[in-house]
Structures are given as structure tokens and as C-alpha cells.
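J.: This is entry.cif (mmCIF, C-alpha atoms and all ligand atoms).
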```cif
data_my_file
#
loop_
_atom_site.group_PDB
_atom_site.id
_atom_site.type_symbol
_atom_site.label_atom_id
_atom_site.label_comp_id
_atom_site.auth_asym_id
_atom_site.auth_seq_id
_atom_site.Cartn_x
_atom_site.Cartn_y
_atom_site.Cartn_z
ATOM 1 C CA MET S 1 38.042 -40.279 48.336
ATOM 2 C CA VAL S 2 34.448 -39.098 48.132
ATOM 3 C CA GLN S 3 33.965 -39.419 51.873
ATOM 4 C CA GLU S 4 37.145 -37.475 52.609
ATOM 5 C CA ALA S 5 36.094 -34.668 50.279
ATOM 6 C CA TYR S 6 33.123 -33.860 52.521
ATOM 7 C CA HIS S 7 33.668 -31.644 55.578
ATOM 8 C CA SER S 8 32.962 -33.709 58.668
ATOM 9 C CA GLN S 9 32.585 -30.553 60.779
ATOM 10 C CA ASN S 10 29.503 -29.416 58.802
ATOM 11 C CA PRO S 11 26.408 -30.280 60.819
ATOM 12 C CA TYR S 12 24.381 -31.170 57.686
ATOM 13 C CA HIS S 13 26.403 -31.016 54.456
ATOM 14 C CA ASN S 14 28.792 -33.833 55.331
ATOM 15 C CA ALA S 15 29.393 -37.371 54.064
ATOM 16 C CA LEU S 16 26.356 -38.662 55.939
ATOM 17 C CA HIS S 17 24.083 -36.440 53.853
ATOM 18 C CA ALA S 18 25.790 -37.777 50.716
ATOM 19 C CA ALA S 19 25.225 -41.366 51.910
ATOM 20 C CA ASP S 20 21.610 -40.553 52.757
ATOM 21 C CA VAL S 21 20.956 -39.097 49.298
ATOM 22 C CA THR S 22 22.718 -42.038 47.618
ATOM 23 C CA GLN S 23 20.582 -44.525 49.572
ATOM 24 C CA ALA S 24 17.398 -42.682 48.548
ATOM 25 C CA MET S 25 18.554 -42.481 44.928
ATOM 26 C CA TYR S 26 19.248 -46.222 44.931
ATOM 27 C CA CYS S 27 15.675 -46.853 46.140
ATOM 28 C CA TYR S 28 14.201 -44.634 43.409
ATOM 29 C CA LEU S 29 16.273 -46.415 40.751
ATOM 30 C CA GLN S 30 14.632 -49.665 41.901
ATOM 31 C CA GLU S 31 11.137 -48.321 41.237
ATOM 32 C CA PRO S 32 9.460 -50.375 38.486
ATOM 33 C CA GLN S 33 9.357 -47.716 35.741
ATOM 34 C CA LEU S 34 13.022 -46.847 36.198
ATOM 35 C CA PHE S 35 14.276 -50.350 36.895
ATOM 36 C CA GLU S 36 12.835 -51.569 33.599
ATOM 37 C CA SER S 37 14.313 -48.822 31.453
ATOM 38 C CA LEU S 38 17.585 -47.522 32.916
ATOM 39 C CA THR S 39 20.859 -48.584 31.311
ATOM 40 C CA SER S 40 23.834 -49.574 33.459
ATOM 41 C CA CYS S 41 25.402 -46.248 32.496
ATOM 42 C CA ASP S 42 22.323 -44.331 33.789
ATOM 43 C CA ILE S 43 22.530 -46.236 37.075
ATOM 44 C CA LEU S 44 26.257 -45.548 37.460
ATOM 45 C CA LEU S 45 25.678 -41.846 36.776
ATOM 46 C CA GLY S 46 22.701 -41.605 39.110
ATOM 47 C CA LEU S 47 24.599 -43.122 42.026
ATOM 48 C CA LEU S 48 27.803 -41.176 41.318
ATOM 49 C CA ALA S 49 25.860 -37.928 41.116
ATOM 50 C CA ALA S 50 24.108 -38.658 44.414
ATOM 51 C CA ALA S 51 27.368 -39.472 46.213
ATOM 52 C CA THR S 52 29.238 -36.442 44.859
ATOM 53 C CA HIS S 53 26.472 -33.815 44.545
ATOM 54 C CA ASP S 54 27.649 -31.716 47.550
ATOM 55 C CA LEU S 55 31.420 -32.470 47.493
ATOM 56 C CA ASP S 56 33.576 -30.017 49.442
ATOM 57 C CA HIS S 57 30.493 -28.118 50.647
ATOM 58 C CA PRO S 58 31.756 -25.235 52.841
ATOM 59 C CA GLY S 59 28.734 -25.315 55.196
ATOM 60 C CA VAL S 60 27.506 -21.884 54.067
ATOM 61 C CA ASN S 61 25.178 -21.085 51.186
ATOM 62 C CA GLN S 62 25.613 -19.249 47.889
ATOM 63 C CA THR S 63 24.254 -15.988 49.296
ATOM 64 C CA PHE S 64 27.057 -16.019 51.873
ATOM 65 C CA LEU S 65 29.732 -16.778 49.260
ATOM 66 C CA ILE S 66 28.509 -13.890 47.118
ATOM 67 C CA LYS S 67 28.327 -11.321 49.894
ATOM 68 C CA SER S 68 31.730 -12.315 51.246
ATOM 69 C CA SER S 69 33.257 -12.136 47.722
ATOM 70 C CA HIS S 70 34.425 -15.747 47.974
ATOM 71 C CA HIS S 71 36.662 -16.877 45.091
ATOM 72 C CA LEU S 72 34.083 -19.533 44.075
ATOM 73 C CA ALA S 73 31.422 -16.847 43.621
ATOM 74 C CA LEU S 74 33.823 -14.921 41.395
ATOM 75 C CA LEU S 75 34.831 -18.063 39.499
ATOM 76 C CA TYR S 76 31.245 -19.130 38.743
ATOM 77 C CA GLN S 77 29.867 -15.596 38.361
ATOM 78 C CA ASN S 78 27.344 -15.899 41.177
ATOM 79 C CA SER S 79 25.376 -18.584 39.361
ATOM 80 C CA SER S 80 24.876 -22.113 40.810
ATOM 81 C CA VAL S 81 28.195 -21.427 42.543
ATOM 82 C CA LEU S 82 28.170 -24.416 44.908
ATOM 83 C CA GLU S 83 26.747 -26.896 42.401
ATOM 84 C CA ASN S 84 29.373 -25.955 39.788
ATOM 85 C CA HIS S 85 32.049 -26.454 42.410
ATOM 86 C CA HIS S 86 30.653 -29.860 43.523
ATOM 87 C CA TRP S 87 30.608 -30.975 39.873
ATOM 88 C CA LYS S 88 34.149 -29.825 39.081
ATOM 89 C CA PHE S 89 35.397 -31.371 42.303
ATOM 90 C CA ALA S 90 33.709 -34.668 41.359
ATOM 91 C CA VAL S 91 35.342 -34.587 37.914
ATOM 92 C CA SER S 92 38.745 -34.026 39.534
ATOM 93 C CA LEU S 93 38.223 -36.993 41.861
ATOM 94 C CA MET S 94 37.099 -39.234 39.021
ATOM 95 C CA ARG S 95 40.125 -38.320 36.933
ATOM 96 C CA GLU S 96 42.483 -38.711 39.897
ATOM 97 C CA SER S 97 41.033 -42.121 40.779
ATOM 98 C CA GLY S 98 41.023 -43.311 37.164
ATOM 99 C CA LEU S 99 37.451 -44.554 37.632
ATOM 100 C CA LEU S 100 36.537 -43.913 33.991
ATOM 101 C CA SER S 101 40.007 -44.344 32.511
ATOM 102 C CA HIS S 102 38.911 -47.421 30.538
ATOM 103 C CA LEU S 103 36.560 -45.227 28.447
ATOM 104 C CA SER S 104 37.428 -43.271 25.335
ATOM 105 C CA ASN S 105 37.960 -39.523 25.828
ATOM 106 C CA ALA S 106 34.669 -38.774 24.102
ATOM 107 C CA ASP S 107 32.682 -41.201 26.297
ATOM 108 C CA ARG S 108 34.377 -39.975 29.453
ATOM 109 C CA GLN S 109 33.653 -36.369 28.543
ATOM 110 C CA SER S 110 30.025 -37.118 27.819
ATOM 111 C CA LEU S 111 29.653 -38.862 31.209
ATOM 112 C CA GLU S 112 31.281 -35.901 32.947
ATOM 113 C CA GLU S 113 28.865 -33.506 31.197
ATOM 114 C CA ARG S 114 25.868 -35.621 32.197
ATOM 115 C CA LEU S 115 27.175 -35.764 35.770
ATOM 116 C CA GLY S 116 27.297 -31.956 35.723
ATOM 117 C CA SER S 117 23.772 -31.670 34.437
ATOM 118 C CA LEU S 118 22.554 -33.949 37.262
ATOM 119 C CA ILE S 119 24.449 -32.100 39.986
ATOM 120 C CA LEU S 120 23.380 -28.673 38.666
ATOM 121 C CA ALA S 121 19.745 -29.828 38.899
ATOM 122 C CA THR S 122 20.134 -29.915 42.706
ATOM 123 C CA ASP S 123 20.300 -26.086 42.808
ATOM 124 C CA ILE S 124 17.193 -25.545 44.939
ATOM 125 C CA SER S 125 16.760 -21.985 43.643
ATOM 126 C CA ARG S 126 15.941 -23.493 40.227
ATOM 127 C CA GLN S 127 13.412 -26.019 41.537
ATOM 128 C CA ASN S 128 10.428 -24.252 39.941
ATOM 129 C CA GLU S 129 11.865 -24.533 36.433
ATOM 130 C CA TYR S 130 12.292 -28.292 36.806
ATOM 131 C CA LEU S 131 8.913 -28.704 38.473
ATOM 132 C CA ILE S 132 7.071 -26.803 35.740
ATOM 133 C CA GLU S 133 8.704 -28.978 33.083
ATOM 134 C CA PHE S 134 7.985 -32.170 35.033
ATOM 135 C CA ARG S 135 4.318 -31.204 35.540
ATOM 136 C CA ALA S 136 3.934 -30.351 31.853
ATOM 137 C CA HIS S 137 5.362 -33.731 30.818
ATOM 138 C CA LEU S 138 3.055 -35.562 33.228
ATOM 139 C CA ASP S 139 0.012 -33.595 32.017
ATOM 140 C CA ARG S 140 0.845 -34.457 28.409
ATOM 141 C CA ALA S 141 1.879 -38.024 29.329
ATOM 142 C CA ASP S 142 4.793 -37.670 26.930
ATOM 143 C CA LEU S 143 7.750 -39.043 28.927
ATOM 144 C CA HIS S 144 9.127 -42.097 27.141
ATOM 145 C CA LEU S 145 11.847 -43.864 29.041
ATOM 146 C CA ASN S 146 13.208 -45.585 25.955
ATOM 147 C CA ASN S 147 14.335 -42.079 24.982
ATOM 148 C CA SER S 148 17.704 -41.213 26.558
ATOM 149 C CA GLN S 149 16.835 -37.508 27.036
ATOM 150 C CA ASP S 150 13.682 -38.390 28.945
ATOM 151 C CA ARG S 151 15.600 -40.895 31.065
ATOM 152 C CA HIS S 152 18.151 -38.196 31.882
ATOM 153 C CA PHE S 153 15.378 -35.792 32.870
ATOM 154 C CA ILE S 154 13.877 -38.407 35.194
ATOM 155 C CA LEU S 155 17.311 -39.009 36.737
ATOM 156 C CA GLN S 156 17.505 -35.264 37.434
ATOM 157 C CA MET S 157 14.078 -35.345 39.105
ATOM 158 C CA ALA S 158 14.979 -38.478 41.074
ATOM 159 C CA LEU S 159 18.180 -36.824 42.344
ATOM 160 C CA LYS S 160 16.254 -33.675 43.293
ATOM 161 C CA CYS S 161 13.821 -35.831 45.282
ATOM 162 C CA ALA S 162 16.649 -37.790 46.921
ATOM 163 C CA ASP S 163 18.383 -34.527 47.896
ATOM 164 C CA ILE S 164 15.404 -33.159 49.816
ATOM 165 C CA CYS S 165 13.763 -36.400 50.934
ATOM 166 C CA ASN S 166 14.692 -36.054 54.619
ATOM 167 C CA PRO S 167 11.198 -34.728 55.508
ATOM 168 C CA CYS S 168 9.792 -37.904 53.882
ATOM 169 C CA ARG S 169 11.645 -40.211 56.266
ATOM 170 C CA PRO S 170 10.121 -41.500 59.520
ATOM 171 C CA TRP S 171 9.818 -38.857 62.224
ATOM 172 C CA HIS S 172 12.722 -40.042 64.421
ATOM 173 C CA LEU S 173 15.143 -39.664 61.456
ATOM 174 C CA SER S 174 13.543 -36.681 59.796
ATOM 175 C CA LYS S 175 13.655 -34.734 63.048
ATOM 176 C CA LEU S 176 17.443 -35.282 63.296
ATOM 177 C CA TRP S 177 18.031 -33.971 59.758
ATOM 178 C CA SER S 178 15.870 -30.932 60.512
ATOM 179 C CA HIS S 179 17.968 -30.101 63.559
ATOM 180 C CA LYS S 180 21.227 -30.595 61.623
ATOM 181 C CA ILE S 181 20.247 -28.253 58.764
ATOM 182 C CA THR S 182 18.974 -25.645 61.204
ATOM 183 C CA GLU S 183 22.256 -25.811 63.125
ATOM 184 C CA GLU S 184 24.123 -25.149 59.854
ATOM 185 C CA PHE S 185 21.812 -22.230 58.944
ATOM 186 C CA PHE S 186 22.175 -20.683 62.406
ATOM 187 C CA SER S 187 25.956 -21.020 62.514
ATOM 188 C CA GLN S 188 26.097 -19.195 59.160
ATOM 189 C CA GLY S 189 23.939 -16.494 60.779
ATOM 190 C CA ASP S 190 26.367 -16.295 63.692
ATOM 191 C CA ILE S 191 29.309 -15.768 61.307
ATOM 192 C CA GLU S 192 27.320 -13.082 59.445
ATOM 193 C CA ARG S 193 26.540 -11.327 62.721
ATOM 194 C CA ARG S 194 30.224 -11.398 63.752
ATOM 195 C CA ARG S 195 31.272 -9.962 60.385
ATOM 196 C CA ASN S 196 28.559 -7.294 60.385
ATOM 197 C CA LEU S 197 26.956 -8.753 57.247
ATOM 198 C CA ASP S 198 23.187 -8.770 56.673
ATOM 199 C CA LEU S 199 21.724 -11.965 58.086
ATOM 200 C CA SER S 200 20.652 -14.399 55.372
ATOM 201 C CA ILE S 201 17.118 -15.712 55.306
ATOM 202 C CA LEU S 202 16.486 -18.585 57.786
ATOM 203 C CA CYS S 203 19.879 -17.987 59.426
ATOM 204 C CA ASP S 204 18.860 -15.786 62.345
ATOM 205 C CA ARG S 205 18.495 -17.910 65.474
ATOM 206 C CA ASN S 206 16.625 -15.043 67.162
ATOM 207 C CA THR S 207 13.897 -15.008 64.516
ATOM 208 C CA TYR S 208 13.438 -18.579 63.304
ATOM 209 C CA SER S 209 12.775 -21.934 64.938
ATOM 210 C CA VAL S 210 13.344 -25.443 63.582
ATOM 211 C CA GLY S 211 9.607 -26.032 63.301
ATOM 212 C CA LYS S 212 8.907 -22.771 61.495
ATOM 213 C CA ILE S 213 11.644 -23.549 58.935
ATOM 214 C CA GLN S 214 10.376 -27.106 58.447
ATOM 215 C CA ILE S 215 6.762 -26.102 57.861
ATOM 216 C CA GLY S 216 7.844 -23.607 55.176
ATOM 217 C CA PHE S 217 10.326 -25.990 53.574
ATOM 218 C CA ILE S 218 7.828 -28.848 53.403
ATOM 219 C CA SER S 219 4.944 -26.685 52.173
ATOM 220 C CA PHE S 220 6.821 -24.766 49.481
ATOM 221 C CA LEU S 221 9.447 -27.226 48.259
ATOM 222 C CA VAL S 222 8.989 -30.818 49.405
ATOM 223 C CA GLU S 223 5.231 -31.275 49.009
ATOM 224 C CA PRO S 224 5.053 -29.842 45.459
ATOM 225 C CA LEU S 225 8.011 -31.960 44.312
ATOM 226 C CA PHE S 226 6.908 -35.239 45.855
ATOM 227 C CA SER S 227 3.313 -34.896 44.735
ATOM 228 C CA GLU S 228 4.539 -34.739 41.110
ATOM 229 C CA TRP S 229 6.987 -37.578 41.742
ATOM 230 C CA ALA S 230 4.113 -39.699 43.075
ATOM 231 C CA ARG S 231 2.164 -38.985 39.876
ATOM 232 C CA PHE S 232 5.119 -40.258 37.873
ATOM 233 C CA SER S 233 5.906 -43.183 40.181
ATOM 234 C CA ASP S 234 2.624 -44.189 41.800
ATOM 235 C CA THR S 235 4.106 -46.882 44.037
ATOM 236 C CA PRO S 236 3.966 -48.002 47.693
ATOM 237 C CA LEU S 237 7.296 -46.212 48.323
ATOM 238 C CA SER S 238 5.907 -42.886 47.068
ATOM 239 C CA HIS S 239 2.798 -43.327 49.238
ATOM 240 C CA ILE S 240 4.918 -44.084 52.320
ATOM 241 C CA MET S 241 7.109 -41.019 51.685
ATOM 242 C CA ILE S 242 4.097 -38.738 51.333
ATOM 243 C CA SER S 243 2.540 -40.214 54.433
ATOM 244 C CA HIS S 244 5.723 -39.584 56.464
ATOM 245 C CA MET S 245 5.987 -36.053 55.072
ATOM 246 C CA THR S 246 2.362 -35.313 56.020
ATOM 247 C CA SER S 247 2.743 -36.584 59.564
ATOM 248 C CA ASN S 248 6.135 -34.857 59.999
ATOM 249 C CA LYS S 249 4.629 -31.530 58.931
ATOM 250 C CA PHE S 250 1.785 -32.166 61.343
ATOM 251 C CA ASN S 251 4.284 -32.848 64.150
ATOM 252 C CA TRP S 252 6.093 -29.568 63.456
ATOM 253 C CA SER S 253 2.780 -27.721 63.365
ATOM 254 C CA TYR S 254 1.493 -29.358 66.577
ATOM 255 C CA PRO S 255 4.715 -30.430 68.326
ATOM 256 C CA PRO S 256 4.581 -33.538 70.500
ATOM 257 C CA GLN S 257 5.518 -32.824 74.105
ATOM 258 C CA GLU S 258 9.008 -34.412 73.876
ATOM 259 C CA ASN S 259 10.126 -31.946 71.171
ATOM 260 C CA MET S 260 8.926 -28.813 72.837
ATOM 261 C CA GLY S 261 9.968 -29.340 76.411
ATOM 262 C CA GLU S 262 6.670 -27.565 77.076
ATOM 263 C CA THR S 263 3.209 -28.624 78.117
ATOM 264 C CA THR S 264 1.808 -28.997 74.588
ATOM 265 C CA GLN S 265 -0.019 -32.288 74.360
ATOM 266 C CA SER S 266 0.944 -34.729 71.596
ATOM 267 C CA THR S 267 -1.960 -34.858 69.200
ATOM 268 C CA SER S 268 -0.192 -36.290 66.192
ATOM 269 C CA SER S 269 -1.123 -39.958 66.425
ATOM 270 C CA LYS S 270 -4.590 -39.133 67.759
ATOM 271 C CA THR S 271 -5.846 -36.859 65.046
ATOM 272 C CA LEU S 272 -4.068 -38.005 61.878
ATOM 273 C CA PRO S 273 -5.880 -40.345 59.514
ATOM 274 C CA GLN S 274 -5.180 -43.974 60.289
ATOM 275 C CA GLY S 275 -2.097 -45.475 58.627
ATOM 276 C CA SER S 276 -0.527 -42.126 57.809
ATOM 277 C CA LEU S 277 2.211 -42.219 60.463
ATOM 278 C CA GLY S 278 4.251 -44.954 58.844
ATOM 279 C CA SER S 279 7.004 -46.734 60.716
HETATM 280 P P1 LIG S 301 21.779 -29.344 48.846
HETATM 281 O O1 LIG S 301 22.644 -28.203 49.293
HETATM 282 O O2 LIG S 301 22.188 -29.960 47.550
HETATM 283 O O3 LIG S 301 21.623 -30.392 49.913
HETATM 284 O O4 LIG S 301 20.370 -28.668 48.513
HETATM 285 C C1 LIG S 301 19.205 -28.888 49.199
HETATM 286 C C2 LIG S 301 18.656 -27.597 49.743
HETATM 287 O O5 LIG S 301 17.557 -27.921 50.556
HETATM 288 C C3 LIG S 301 19.650 -26.854 50.611
HETATM 289 O O6 LIG S 301 19.451 -25.470 50.419
HETATM 290 C C4 LIG S 301 19.239 -27.224 52.014
HETATM 291 O O7 LIG S 301 19.532 -26.209 52.874
HETATM 292 C C5 LIG S 301 17.730 -27.416 51.865
HETATM 293 N N1 LIG S 301 17.196 -28.395 52.812
HETATM 294 C C6 LIG S 301 17.338 -29.734 52.789
HETATM 295 N N2 LIG S 301 16.692 -30.313 53.825
HETATM 296 C C7 LIG S 301 16.101 -29.295 54.521
HETATM 297 C C8 LIG S 301 15.271 -29.239 55.671
HETATM 298 N N3 LIG S 301 14.897 -30.324 56.334
HETATM 299 N N4 LIG S 301 14.847 -28.013 56.079
HETATM 300 C C9 LIG S 301 15.179 -26.888 55.417
HETATM 301 N N5 LIG S 301 15.954 -26.863 54.309
HETATM 302 C C10 LIG S 301 16.425 -28.063 53.860
HETATM 303 ZN ZN ZN S 302 22.463 -32.165 49.086
#
```
Could I get this structure in the form of C-alpha cells?

T.:
Amino acid sequence: MVQEAYHSQNPYHNALHAADVTQAMYCYLQEPQLFESLTSCDILLGLLAAATHDLDHPGVNQTFLIKSSHHLALLYQNSSVLENHHWKFAVSLMRESGLLSHLSNADRQSLEERLGSLILATDISRQNEYLIEFRAHLDRADLHLNNSQDRHFILQMALKCADICNPCRPWHLSKLWSHKITEEFFSQGDIERRRNLDLSILCDRNTYSVGKIQIGFISFLVEPLFSEWARFSDTPLSHIMISHMTSNKFNWSYPPQENMGETTQSTSSKTLPQGSLGS
């Protein structure tokens, strides 16, 4: 049911992205700090949230829904429009499937609320709020995973990392995700152009390139998030992810010949510090 509720025609926001995020989330849940403290209910919620966090994504962003007066923008009053929709859609699927029907109404409702709070945390426009709180907790060293609120907060951060971890995967995979998201951005731009709407940021294929988008995305969103995550979870996995992210950003900044179709020489493996390229 989850798979069918994703739009297979979306270049990026389809069931494969949901599977990718769920796989990443599963890996983070295995990290020692989390593995030792999470309850089975936390694990269920974390994986469900990852699988459902973009359900029924229309392949256009919130800005587009607002400027085209889409009914979802009206319904959710222009605020976390897509995330609210993904959450409500997930709740409908869970009720329809009877997945939680063995629980009392109160327990089911509390799980549905927690699911919402996890999915709403994936609203990228609110990343700074979460990051500031995360950084403050790490500075004060006051996250205690025997406390259910702190565990929930860490699940939110883990899901946020899983959602935007594609630049932390090895180059041959990361590059594919980058092309898919850019294709989705540019096809939104094409629709906007046809409808005489202002072109949304990053959506104009005549102004932006994949590499330019990736360098900005990694520098302003991925790097800051994963450097805090690595402070919280200082593990081999975090080091590998940061190493991939660093070399991927380098590759976008100094494209290897195969990506450019131009004469630019590949310098990535020659000039990066040893061991930073990963697999
Ligand atoms: P979501 O819609 O839940 O997947 O939110 C993640 C946000 O990050 C979306 O706005 C995506 O467009 C954006 N995003 C994810 N991966 C990339 C990428 N490689 N390059 C640029 N933006 C990305
Ligand atoms: Zn997503």
C-alpha cells in the first residue's frame, strides 16, 4: 500500500526515495547509542515514518502549491503543506490496513501523533530550528536517551539525516539522486513557465546546473546537519558519510571528465586526502 501511494512518474519523490530513506534510517537505528536505548515502539515509528514521509508527493514543492492555489495549500494554510499531507495520508493507510488495530484508541492516537511529529520534522524549510536545538543539546551534553522526549528528538534528527543523506552516499549513487532531483525541479520550472507563473528557485533549467545546485545544497544543508550528527554519533558510519559528502562536493566543484562531456581533467582522486573517497 505504501509503495502504491507514491507516484512512480516522479523522477525523485517516488517509492525508491522512500526505500532509500528507510534503508538509511535502519542503519542509523543500528548505531550503538540508539541501538542500546530505543524501544521496539521507537523502532517501529522510525521505520514507518521513513517509509511514509513523502506519501502521495505530487512532484512539485510547497511554493508551487501555494502559488497555484492548490487545495492542499488551502487545507493546511500554507504551512508544512506537503508534510501535513504525507502524515494524514500515512494515518489513512494505517487505519485502512489495520496495522495498529490491536492497540487501544489512546495508544494508537499517540503513535499517530508521534508519526506526525517525525514526518513534520522533514520540512526542510524548518531545518535551522532543529539544528539550533540539536547543537544546543550537544554543547550542553544534556541528551539522555533513557528519556522518551530526548529519544523522540533524536529520531526526528535521524529521519532528517536519512531524508537528505543522498549526498553522503558513494559518488556513483549520489550522482544519480542529484540528477533525479534536478529533473524534478526543472520539470516544475517548465510547468511554471507554461502557466506564466514566476519560476521557483532552483527550477529554471536556463539558470541552474546540477552541480551548482549540489554545491549549494551540500554546503548550506547537508554539511551542517551531518557535522552535528557526527558529534552525536561519532562512529565509522558517520565518518564514511562525511567522507563521501566531501568527495562528492569536490566532484561537483571540479567535475571529472565523464560528467562534463568536456575536457576538464578529473582531479578528484588525485588531490583529495587519502582515504576520503570511500567505496
Ligand atoms: P523531502 O521532500 O522530504 O524529500 O525533503 C528533502 C528536501 O531536500 C527536498 O526539498 C528536496 O528537494 C531536497 N533535496 C534532497 N536531496 C537533494 C539534492 N541532492 N539536491 C538538492 N536538493 C535535495
Ligand atoms: Zn523525502

J.: Nearest residue to Leu29 in chain S out of S:Ile218, S:Met157, S:Val2, S:Leu197, using only C-alpha atoms?

T.: S:Met157

J.: Within 8 Å of ligand ZN 302 (chain S), counting all atoms listed in the file: which residues, as a ChimeraX atom specification?

T.: /S:13,17-18,21,53-54,122,163-164

J.: Enumerate as a PyMOL selection string the residues within 10 Å of ligand LIG 301 (chain S), counting only C-alpha atoms and all ligand atoms.

T.: chain S and resi 12-14+17-18+21+50+52-55+57+59-62+82-83+86+119-125+127+159-168+174-182+184-185+202+210-218+221-222

J.: So how many Å separate CA of Ser200 in chain S and CA of Gln188 in chain S, to one decimal?

T.: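 We find that CA of Ser200 in chain S and CA of Gln188 in chain S lie 8.2 Å from each other.
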
J.: What gap, in Å, lies between CA of Val81 in chain S and CA of Ser117 in chain S?

T.: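 Between these atoms lies a distance of 13.8 Å.
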
J.: Could you tell me how far CA of Phe153 in chain S lies from CA of Met94 in chain S, in Å and to one decimal?

T.: 22.8 Å

J.: Could you state which residues are captured by the PyMOL selection byres (((chain S and resi 90) around 12) and not hetatm) in this file, as an MDAnalysis selection string?

T.: chainID S and resid 1:3 5:6 45 48:57 83:89 91:97 99 111:113 115:116 118:119

J.: Smallest atom-to-atom distance to Gln156 in chain S: which of S:Met25, S:Leu143, S:Cys203, S:Leu72, using only C-alpha atoms?

T.: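 Between S:Met25, S:Leu143, S:Cys203, S:Leu72, the residue approaching Gln156 in chain S most closely is S:Met25.
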
J.: What's the 10 Å shell around range 227-232 of chain S, counting only C-alpha atoms, without same-chain residues fewer than 3 positions away, as a ChimeraX atom specification?

T.: /S:33,131-132,134-135,137-139,141,143,154,157-158,161,222-224,235-239,241-242

J.: Extending 4 Å beyond the listed atoms of range 157-169 of chain S on each side, what axis-aligned box results? I want centre and edge lengths in Å to one decimal, as AutoDock Vina command-line options.

T.:
```
--center_x 14.1 --center_y -36.7 --center_z 47.7 --size_x 16.6 --size_y 15.1 --size_z 25.2
```

J.: Could you model all heavy atoms for range 57-64 of chain S and present them as a tab-separated table (two decimals), keeping the file's coordinate frame?

T.:
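Output file selection-v5.tsv is given in full below:
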```tsv
chain	number	residue	atom	x	y	z
S	57	HIS	N	31.44	-29.18	50.26
S	57	HIS	CA	30.49	-28.12	50.65
S	57	HIS	C	31.07	-27.35	51.84
S	57	HIS	O	31.46	-27.96	52.84
S	57	HIS	CB	29.14	-28.75	51.01
S	57	HIS	CG	28.01	-27.76	51.05
S	57	HIS	ND1	27.96	-26.74	51.98
S	57	HIS	CD2	26.91	-27.62	50.27
S	57	HIS	CE1	26.86	-26.03	51.77
S	57	HIS	NE2	26.20	-26.54	50.74
S	58	PRO	N	31.12	-26.00	51.76
S	58	PRO	CA	31.76	-25.24	52.84
S	58	PRO	C	30.87	-25.03	54.08
S	58	PRO	O	31.33	-24.41	55.05
S	58	PRO	CB	32.07	-23.89	52.17
S	58	PRO	CG	31.05	-23.77	51.07
S	58	PRO	CD	30.71	-25.16	50.63
S	59	GLY	N	29.61	-25.48	54.03
S	59	GLY	CA	28.73	-25.32	55.20
S	59	GLY	C	28.06	-23.95	55.26
S	59	GLY	O	27.43	-23.62	56.27
S	60	VAL	N	28.23	-23.16	54.20
S	60	VAL	CA	27.51	-21.88	54.07
S	60	VAL	C	26.89	-21.87	52.67
S	60	VAL	O	27.33	-22.62	51.79
S	60	VAL	CB	28.45	-20.66	54.23
S	60	VAL	CG1	28.90	-20.50	55.67
S	60	VAL	CG2	29.66	-20.77	53.30
S	61	ASN	N	25.87	-21.03	52.48
S	61	ASN	CA	25.18	-21.08	51.19
S	61	ASN	C	25.73	-20.08	50.17
S	61	ASN	O	26.64	-19.31	50.47
S	61	ASN	CB	23.66	-20.94	51.38
S	61	ASN	CG	23.29	-19.59	51.97
S	61	ASN	OD1	24.06	-18.63	51.92
S	61	ASN	ND2	22.09	-19.51	52.52
S	62	GLN	N	25.13	-20.11	48.98
S	62	GLN	CA	25.61	-19.25	47.89
S	62	GLN	C	25.52	-17.76	48.25
S	62	GLN	O	26.44	-16.99	47.94
S	62	GLN	CB	24.80	-19.54	46.61
S	62	GLN	CG	24.99	-18.49	45.55
S	62	GLN	CD	24.42	-18.87	44.21
S	62	GLN	OE1	24.84	-19.85	43.60
S	62	GLN	NE2	23.48	-18.10	43.71
S	63	THR	N	24.43	-17.40	48.91
S	63	THR	CA	24.25	-15.99	49.30
S	63	THR	C	25.47	-15.52	50.11
S	63	THR	O	26.00	-14.42	49.90
S	63	THR	CB	22.98	-15.83	50.17
S	63	THR	OG1	21.95	-16.57	49.57
S	63	THR	CG2	22.59	-14.40	50.35
S	64	PHE	N	25.91	-16.38	51.04
S	64	PHE	CA	27.06	-16.02	51.87
S	64	PHE	C	28.32	-15.88	51.02
S	64	PHE	O	29.09	-14.94	51.19
S	64	PHE	CB	27.26	-17.08	52.96
S	64	PHE	CG	28.40	-16.75	53.89
S	64	PHE	CD1	28.17	-16.01	55.06
S	64	PHE	CD2	29.69	-17.16	53.61
S	64	PHE	CE1	29.22	-15.69	55.92
S	64	PHE	CE2	30.74	-16.84	54.46
S	64	PHE	CZ	30.51	-16.10	55.62
```
